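K.L.:
Sharing input.csv here; it has CSV, C-alpha atoms.
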chain,number,residue,atom,x,y,z
O,1,MET,CA,0.0,0.0,0.0
O,2,LEU,CA,2.9,2.4,0.8
O,3,LEU,CA,4.4,1.7,-2.7
O,4,CYS,CA,1.1,2.6,-4.3
O,5,LYS,CA,0.8,5.9,-2.4
O,6,THR,CA,4.4,6.7,-3.3
O,7,HIS,CA,3.7,6.0,-7.0
O,8,ILE,CA,0.6,8.2,-6.9
O,9,LYS,CA,2.4,11.1,-5.3
O,10,ARG,CA,5.2,10.8,-7.9
O,11,GLY,CA,2.6,10.8,-10.7
O,12,GLU,CA,0.8,13.8,-9.1
O,13,SER,CA,4.1,15.6,-8.9
O,14,MET,CA,4.8,15.0,-12.6
O,15,ASN,CA,1.5,16.5,-13.5
O,16,ARG,CA,1.6,19.4,-11.1
O,17,GLN,CA,5.2,20.7,-11.7
O,18,LYS,CA,6.1,22.3,-14.9
O,19,ILE,CA,9.3,20.7,-16.1
O,20,GLY,CA,11.7,22.3,-18.6
O,21,VAL,CA,13.7,19.8,-20.6
O,22,ILE,CA,16.8,20.7,-22.6
O,23,LEU,CA,18.0,18.2,-25.3
O,24,ALA,CA,21.6,19.1,-25.6
O,25,ASN,CA,23.9,18.2,-28.5
O,26,LEU,CA,27.1,19.5,-30.1
O,27,GLY,CA,25.7,21.9,-32.6
O,28,THR,CA,25.8,22.8,-36.3
O,29,PRO,CA,26.7,25.8,-38.5
O,30,ASP,CA,23.8,28.0,-39.7
O,31,ALA,CA,24.6,27.4,-43.3
O,32,PRO,CA,27.0,25.3,-45.4
O,33,GLU,CA,29.1,28.3,-46.3
O,34,PRO,CA,32.7,29.3,-45.3
O,35,LYS,CA,31.6,32.3,-43.2
O,36,ALA,CA,29.1,30.3,-41.2
O,37,LEU,CA,31.6,27.5,-40.8
O,38,SER,CA,34.2,29.9,-39.6
O,39,ARG,CA,31.9,31.3,-36.9
O,40,TYR,CA,30.9,27.8,-35.8
O,41,LEU,CA,34.4,26.3,-35.8
O,42,TRP,CA,35.8,29.3,-33.9
O,43,GLN,CA,33.3,28.7,-31.1
O,44,PHE,CA,33.9,25.0,-31.1
O,45,LEU,CA,37.7,24.9,-31.4
O,46,THR,CA,38.3,27.7,-28.9
O,47,ASP,CA,36.6,25.7,-26.2
O,48,PRO,CA,39.3,24.4,-23.9
O,49,ARG,CA,37.3,21.3,-23.3
O,50,VAL,CA,37.9,20.5,-27.0
O,51,VAL,CA,41.4,21.9,-27.5
O,52,ASP,CA,43.3,22.7,-24.4
O,53,LEU,CA,46.4,24.3,-25.8
O,54,PRO,CA,47.4,27.7,-24.4
O,55,ARG,CA,45.5,30.6,-26.0
O,56,TRP,CA,48.7,32.4,-27.1
O,57,GLN,CA,49.7,29.3,-29.0
O,58,TRP,CA,46.4,28.0,-30.4
O,59,TRP,CA,44.3,31.1,-31.2
O,60,PRO,CA,46.6,32.8,-33.7
O,61,LEU,CA,47.2,29.5,-35.5
O,62,LEU,CA,43.5,28.7,-35.5
O,63,LYS,CA,42.4,32.2,-36.8
O,64,CYS,CA,45.2,32.7,-39.4
O,65,VAL,CA,45.8,29.3,-40.7
O,66,ILE,CA,43.3,26.6,-39.7
O,67,LEU,CA,40.0,28.4,-40.1
O,68,PRO,CA,40.6,29.9,-43.5
O,69,ARG,CA,41.5,26.5,-44.9
O,70,ARG,CA,39.2,24.2,-42.9
O,71,SER,CA,36.1,26.4,-43.3
O,72,ARG,CA,36.2,26.2,-47.1
O,73,ARG,CA,36.8,22.5,-47.1
O,74,VAL,CA,34.3,21.6,-44.4
O,75,ALA,CA,31.7,23.9,-46.1
O,76,GLU,CA,31.9,21.7,-49.2
O,77,THR,CA,31.4,18.6,-47.2
O,78,TYR,CA,28.4,20.0,-45.4
O,79,ARG,CA,26.8,20.9,-48.7
O,80,SER,CA,26.9,17.2,-49.6
O,81,VAL,CA,24.6,16.3,-46.7
O,82,TRP,CA,22.6,19.6,-46.2
O,83,THR,CA,18.8,19.4,-46.7
O,84,GLU,CA,16.2,21.9,-47.5
O,85,GLN,CA,15.3,22.1,-43.8
O,86,GLY,CA,18.9,22.6,-42.7
O,87,SER,CA,21.7,20.4,-41.4
O,88,PRO,CA,20.8,16.8,-40.7
O,89,LEU,CA,21.7,17.2,-37.0
O,90,LEU,CA,19.4,20.2,-36.6
O,91,VAL,CA,16.6,18.5,-38.6
O,92,ILE,CA,16.7,15.3,-36.5
O,93,SER,CA,17.1,17.3,-33.3
O,94,LYS,CA,13.9,19.1,-34.1
O,95,GLN,CA,12.1,15.8,-34.8
O,96,GLN,CA,13.4,14.5,-31.4
O,97,GLN,CA,12.1,17.6,-29.7
O,98,GLN,CA,8.7,17.4,-31.3
O,99,LYS,CA,8.2,13.7,-30.7
O,100,LEU,CA,9.4,13.9,-27.1
O,101,GLN,CA,7.0,16.9,-26.5
O,102,GLN,CA,4.2,14.8,-28.0
O,103,TYR,CA,5.1,11.9,-25.8
O,104,PHE,CA,4.9,14.0,-22.6
O,105,ASP,CA,1.7,15.6,-23.7
O,106,GLN,CA,0.1,12.2,-24.3
O,107,GLN,CA,1.3,11.0,-20.9
O,108,GLY,CA,-0.2,14.1,-19.2
O,109,ILE,CA,3.2,15.3,-18.0
O,110,ASN,CA,3.5,19.0,-17.9
O,111,ALA,CA,6.8,19.5,-19.7
O,112,LEU,CA,8.3,21.9,-22.2
O,113,VAL,CA,11.1,20.6,-24.4
O,114,GLU,CA,13.8,22.8,-25.9
O,115,ILE,CA,16.9,22.2,-27.9
O,116,GLY,CA,20.2,23.6,-26.6
O,117,MET,CA,23.4,23.3,-28.6
O,118,THR,CA,26.8,23.7,-27.1
O,119,TYR,CA,28.0,25.6,-30.2
O,120,GLY,CA,25.9,27.4,-32.8
O,121,ASN,CA,22.1,27.6,-32.8
O,122,PRO,CA,19.6,27.1,-31.2
O,123,SER,CA,21.9,27.9,-28.4
O,124,MET,CA,21.9,26.7,-24.8
O,125,GLN,CA,21.3,30.3,-23.7
O,126,SER,CA,18.1,30.6,-25.8
O,127,ALA,CA,16.9,27.3,-24.4
O,128,VAL,CA,17.3,28.4,-20.8
O,129,GLU,CA,15.7,31.8,-21.5
O,130,ASN,CA,12.7,30.2,-23.2
O,131,LEU,CA,12.2,27.8,-20.3
O,132,LEU,CA,12.4,30.6,-17.7
O,133,LYS,CA,10.0,32.8,-19.7
O,134,ASN,CA,7.6,29.9,-19.5
O,135,GLN,CA,8.1,29.8,-15.7
O,136,VAL,CA,9.2,26.2,-15.4
O,137,ASP,CA,9.6,24.8,-11.9
O,138,LYS,CA,12.6,22.7,-12.7
O,139,ILE,CA,15.0,22.2,-15.6
O,140,ILE,CA,16.4,18.8,-16.6
O,141,VAL,CA,19.4,18.8,-19.0
O,142,LEU,CA,19.8,15.7,-21.1
O,143,PRO,CA,23.1,15.7,-23.1
O,144,LEU,CA,22.5,13.3,-26.0
O,145,TYR,CA,25.9,11.7,-25.4
O,146,PRO,CA,25.4,8.2,-24.0
O,147,GLN,CA,29.1,7.8,-23.1
O,148,TYR,CA,30.6,10.5,-20.9
O,149,SER,CA,33.5,12.6,-22.1
O,150,SER,CA,35.0,15.8,-20.9
O,151,THR,CA,35.0,17.0,-24.5
O,152,THR,CA,31.2,16.6,-24.9
O,153,THR,CA,29.2,16.0,-21.7
O,154,ALA,CA,31.3,18.3,-19.6
O,155,ALA,CA,31.3,20.9,-22.3
O,156,VAL,CA,27.5,20.9,-22.1
O,157,LEU,CA,27.6,21.4,-18.4
O,158,ASP,CA,30.0,24.4,-18.9
O,159,CYS,CA,27.7,25.9,-21.4
O,160,PHE,CA,24.6,25.4,-19.2
O,161,ALA,CA,26.4,27.0,-16.3
O,162,GLN,CA,27.5,29.9,-18.4
O,163,SER,CA,23.9,30.5,-19.5
O,164,LEU,CA,22.9,30.8,-15.8
O,165,LYS,CA,25.5,33.4,-14.8
O,166,SER,CA,23.3,36.5,-15.2
O,167,ILE,CA,20.2,34.9,-13.7
O,168,ARG,CA,19.4,35.7,-10.1
O,169,GLY,CA,16.5,33.4,-9.6
O,170,LEU,CA,17.6,29.9,-10.6
O,171,ALA,CA,15.1,27.2,-11.1
O,172,PRO,CA,16.2,23.8,-9.5
O,173,PHE,CA,17.9,21.7,-12.2
O,174,GLU,CA,19.1,18.2,-12.8
O,175,PHE,CA,21.9,17.1,-15.2
O,176,ILE,CA,21.9,13.6,-16.7
O,177,HIS,CA,25.6,12.5,-16.7
O,178,SER,CA,25.5,9.5,-19.1
O,179,TYR,CA,23.4,6.5,-20.1
O,180,HIS,CA,25.8,4.1,-21.8
O,181,LEU,CA,24.4,1.1,-20.0
O,182,ASP,CA,20.7,2.1,-19.8
O,183,GLU,CA,18.6,-0.9,-20.7
O,184,GLN,CA,16.4,0.9,-23.1
O,185,TYR,CA,19.3,2.4,-24.9
O,186,ILE,CA,21.1,-1.0,-25.3
O,187,ASP,CA,17.8,-2.6,-26.4
O,188,ALA,CA,17.2,0.1,-29.0
O,189,LEU,CA,20.7,-0.4,-30.4
O,190,VAL,CA,20.3,-4.2,-30.5
O,191,GLN,CA,16.9,-3.9,-32.3
O,192,SER,CA,18.3,-1.4,-34.8
O,193,ILE,CA,21.2,-3.8,-35.6
O,194,LYS,CA,18.9,-6.9,-35.9
O,195,ALA,CA,16.7,-5.0,-38.3
O,196,LYS,CA,19.6,-4.1,-40.7
O,197,MET,CA,22.5,-6.4,-40.2
O,198,LYS,CA,22.9,-9.5,-42.5
O,199,PRO,CA,24.1,-12.8,-41.1
O,200,ASP,CA,27.4,-12.8,-43.0
O,201,GLU,CA,28.4,-9.2,-42.1
O,202,PHE,CA,31.1,-8.2,-39.7
O,203,LEU,CA,29.9,-5.6,-37.2
O,204,LEU,CA,32.1,-2.5,-36.6
O,205,PHE,CA,31.3,-0.2,-33.7
O,206,SER,CA,32.7,3.3,-34.5
O,207,TYR,CA,32.8,6.0,-31.8
O,208,HIS,CA,34.0,9.6,-32.1
O,209,GLY,CA,37.6,9.7,-30.9
O,210,ILE,CA,39.3,12.0,-28.4
O,211,PRO,CA,43.1,12.7,-27.9
O,212,LEU,CA,44.8,9.8,-26.0
O,213,ARG,CA,46.3,12.5,-23.7
O,214,TYR,CA,42.8,13.3,-22.4
O,215,GLU,CA,42.3,9.7,-21.3
O,216,GLN,CA,45.7,9.8,-19.6
O,217,GLU,CA,44.5,12.9,-17.8
O,218,GLY,CA,41.4,11.1,-16.5
O,219,ASP,CA,38.7,11.0,-19.2
O,220,TYR,CA,37.1,7.6,-19.0
O,221,TYR,CA,35.2,7.9,-22.3
O,222,ARG,CA,36.9,4.7,-23.8
O,223,GLU,CA,35.7,2.6,-20.9
O,224,HIS,CA,32.1,3.8,-21.4
O,225,CYS,CA,32.4,2.9,-25.1
O,226,LYS,CA,33.7,-0.5,-24.3
O,227,GLN,CA,30.9,-1.2,-21.8
O,228,THR,CA,28.2,-0.2,-24.3
O,229,THR,CA,29.8,-2.3,-27.0
O,230,ILE,CA,30.1,-5.4,-24.8
O,231,ALA,CA,26.5,-5.1,-23.6
O,232,VAL,CA,25.3,-5.0,-27.3
O,233,VAL,CA,27.6,-7.8,-28.4
O,234,ASP,CA,26.4,-10.0,-25.5
O,235,ARG,CA,22.8,-9.4,-26.4
O,236,LEU,CA,23.5,-10.2,-30.1
O,237,GLY,CA,25.5,-13.3,-29.2
O,238,LEU,CA,28.5,-12.3,-31.4
O,239,LYS,CA,31.8,-14.1,-31.3
O,240,GLU,CA,35.1,-12.3,-30.9
O,241,ASN,CA,35.9,-12.6,-34.6
O,242,GLN,CA,32.5,-11.0,-35.6
O,243,TRP,CA,33.0,-7.5,-34.3
O,244,GLN,CA,35.4,-4.7,-33.5
O,245,LEU,CA,35.4,-1.3,-31.7
O,246,CYS,CA,37.1,1.6,-33.3
O,247,PHE,CA,37.4,5.4,-33.1
O,248,GLN,CA,36.8,8.0,-35.8
O,249,SER,CA,37.0,11.7,-36.6
O,250,ARG,CA,40.5,12.5,-35.4
O,251,PHE,CA,42.2,15.7,-36.4
O,252,GLY,CA,45.6,17.2,-35.8
O,253,ARG,CA,48.9,15.4,-35.3
O,254,GLU,CA,48.4,14.3,-31.8
O,255,GLU,CA,47.7,10.6,-31.1
O,256,TRP,CA,44.0,9.8,-30.5
O,257,LEU,CA,42.2,6.7,-29.1
O,258,GLN,CA,42.9,3.7,-31.2
O,259,PRO,CA,42.2,1.6,-33.3
O,260,TYR,CA,41.3,4.2,-35.9
O,261,THR,CA,38.2,3.4,-37.9
O,262,ASP,CA,39.7,4.3,-41.3
O,263,HIS,CA,42.8,2.3,-40.7
O,264,PHE,CA,40.8,-0.7,-39.7
O,265,LEU,CA,38.6,-0.5,-42.8
O,266,GLN,CA,41.6,-0.1,-45.0
O,267,ASN,CA,43.2,-3.3,-43.8
O,268,ALA,CA,40.1,-5.4,-42.8
O,269,THR,CA,40.0,-7.5,-46.0
O,270,LYS,CA,43.7,-8.0,-46.3
O,271,ASN,CA,44.4,-8.7,-42.7
O,272,GLN,CA,41.2,-10.5,-41.5
O,273,GLY,CA,39.5,-11.5,-44.7
O,274,ILE,CA,36.5,-9.3,-43.9
O,275,GLU,CA,34.5,-8.8,-47.2
O,276,LYS,CA,31.1,-7.6,-45.9
O,277,ILE,CA,30.8,-5.1,-43.1
O,278,ALA,CA,28.1,-3.2,-41.2
O,279,VAL,CA,29.0,-0.1,-39.2
O,280,ILE,CA,27.1,1.4,-36.3
O,281,CYS,CA,28.0,4.6,-34.4
O,282,PRO,CA,26.4,4.1,-30.9
O,283,GLY,CA,27.8,7.4,-29.6
O,284,PHE,CA,25.8,9.5,-32.1
O,285,SER,CA,22.2,10.1,-31.0
O,286,ALA,CA,21.5,11.8,-34.4
O,287,ASP,CA,23.0,11.3,-37.8
O,288,CYS,CA,25.3,14.2,-38.8
O,289,LEU,CA,28.3,15.0,-40.9
O,290,GLU,CA,30.5,12.4,-39.0
O,291,THR,CA,28.1,9.6,-39.8
O,292,LEU,CA,26.5,10.6,-43.1
O,293,GLU,CA,29.6,11.7,-44.8
O,294,GLU,CA,32.7,10.5,-42.9
O,295,ILE,CA,31.3,6.9,-42.4
O,296,GLU,CA,28.8,6.4,-45.1
O,297,VAL,CA,30.8,8.0,-47.9
O,298,GLU,CA,34.5,8.4,-47.0
O,299,ASN,CA,34.9,5.1,-45.0
O,300,ARG,CA,32.7,3.2,-47.4
O,301,GLU,CA,35.0,4.1,-50.2
O,302,ILE,CA,38.1,3.2,-48.1
O,303,PHE,CA,36.7,-0.3,-47.4
O,304,LEU,CA,35.5,-1.0,-51.0
O,305,HIS,CA,38.7,0.3,-52.5
O,306,ASN,CA,40.7,-2.1,-50.4
O,307,GLY,CA,39.0,-5.3,-51.3
O,308,GLY,CA,35.7,-5.1,-49.4
O,309,LYS,CA,32.6,-6.3,-51.3
O,310,SER,CA,29.7,-4.7,-49.3
O,311,PHE,CA,29.4,-1.9,-46.8
O,312,GLN,CA,26.4,-0.7,-44.9
O,313,TYR,CA,25.9,2.0,-42.3
O,314,ILE,CA,23.3,1.4,-39.7
O,315,PRO,CA,21.6,4.7,-39.0
O,316,ALA,CA,21.7,6.4,-35.6
O,317,LEU,CA,18.6,6.0,-33.3
O,318,ASN,CA,17.5,9.5,-34.4
O,319,ALA,CA,13.8,10.1,-33.7
O,320,GLU,CA,12.8,6.4,-33.6
O,321,LEU,CA,10.1,5.7,-31.0
O,322,ALA,CA,12.3,3.5,-28.9
O,323,HIS,CA,14.8,6.3,-28.7
O,324,ILE,CA,12.2,8.9,-27.7
O,325,GLU,CA,10.8,6.5,-25.0
O,326,MET,CA,14.3,6.0,-23.6
O,327,MET,CA,14.8,9.8,-23.4
O,328,ALA,CA,11.4,10.2,-21.7
O,329,GLU,CA,12.3,7.5,-19.1
O,330,LEU,CA,15.7,9.1,-18.3
O,331,ILE,CA,13.9,12.4,-17.8
O,332,LYS,CA,11.0,11.0,-15.7
O,333,LYS,CA,13.5,9.5,-13.2
O,334,LYS,CA,14.7,13.1,-12.5
O,335,ILE,CA,11.3,14.6,-12.0
How does this structure look as structure tokens?

P.N.:
Amino acid sequence: MLLCKTHIKRGESMNRQKIGVILANLGTPDAPEPKALSRYLWQFLTDPRVVDLPRWQWWPLLKCVILPRRSRRVAETYRSVWTEQGSPLLVISKQQQQKLQQYFDQQGINALVEIGMTYGNPSMQSAVENLLKNQVDKIIVLPLYPQYSSTTTAAVLDCFAQSLKSIRGLAPFEFIHSYHLDEQYIDALVQSIKAKMKPDEFLLFSYHGIPLRYEQEGDYYREHCKQTTIAVVDRLGLKENQWQLCFQSRFGREEWLQPYTDHFLQNATKNQGIEKIAVICPGFSADCLETLEEIEVENREIFLHNGGKSFQYIPALNAELAHIEMMAELIKKKI
């Protein structure tokens, strides 16, 4: 009887309180043009969570050398995946926002869902301001990074804290640290793989990389990636010779977490006899440049050019119902 009363009180609290939810992700440029890319990349690459070199050393190099070159090149790459509605990440983020809002409305939960990007628009600042204008009683921040890293999750926390600096009357808030072993998350990954993967395909798990030095300084991102991967592999019943974990998207000369995705794909057929491969990127909650272009185009070409016969990319969970329900449950636990 006590459990029933507790459950009722919790349900009443959900309905009575007005909850503000921020779905946080990395961000995107406003347009696939060099000027827009330069603005976005400056904000991104001057964050010490991302690049921690001294300002006097890094900023002049970034402004005078890297941005003029990289902005033009990356703009061309963005154009290849850009849609009429905008960048894939923004389009999918809006779908996630809308579907999560609908889910809460249908459940009778008084919640308002906003998107807050760490870099670019819609900004974290605008998300916080919109929630406070709507007089929410509590804010819950959900960084859409299943695996914690100082370069992503902690950067969201920094950005959220910065957005609160000028506010006197803070609403209570919760911050969801990670969900790399959440049962609904693992189940959604497993079901997405089962729906796409063929019996004779090798499964490659590709996560965004970070500099090895960050791990040596305490970032436990790799361990979270390993735990997610093992949980999925166990559920799928794969043998050791049927899967591999790799890291993608490195830049600069510094050593990053290995093995590297592109190096593995380049040598997979020659060294291991892998001819058919399926790639999934569990760390990406929405498809974006790194999955749609880097994996599905660049790395596909690398694999096929080096003896592979077939390559498929298994899409991110995006705005699938199982993903939305997972988000909702993570949030409801914090209400």

K.L.:
Residues near Val136 in chain O, anyone? I mean within 8 Å using all atoms listed in the file, not counting same-chain ones fewer than 5 positions away, as an MDAnalysis selection string.

P.N.:
chainID O and resid 17:20 131 171

K.L.:
Any idea what's packed within 10 Å of Asp47 in chain O, counting only C-alpha atoms, ignoring anything in its chain fewer than 5 positions away? Could you give it as a ChimeraX atom specification?

P.N.:
/O:41-42,52-53,119,151,155,158

K.L.:
Restricting the calculation to all atoms listed in the file: of O:Leu265, O:Ala154, O:Val113, O:Ala31, which residue gets closest to Trp82 in chain O?

P.N.:
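Comparing O:Leu265, O:Ala154, O:Val113, O:Ala31 against Trp82 in chain O, the winner is O:Ala31.
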
K.L.:
In terms of the shortest atom-to-atom distance over all atoms listed in the file, which of O:Gln272, O:Ser285, O:Gln43, O:Thr83 is closest to Glu320 in chain O?

P.N.:
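Of O:Gln272, O:Ser285, O:Gln43, O:Thr83, the one nearest Glu320 in chain O, counting all atoms listed in the file, is O:Ser285.
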
K.L.:
Rank nothing, just name the residue among O:Leu112, O:Val50, O:Ile302, O:Ile140 nearest to Asn267 in chain O, using all atoms listed in the file.

P.N.:
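Among the listed residues, the smallest separation from Asn267 in chain O belongs to O:Ile302.
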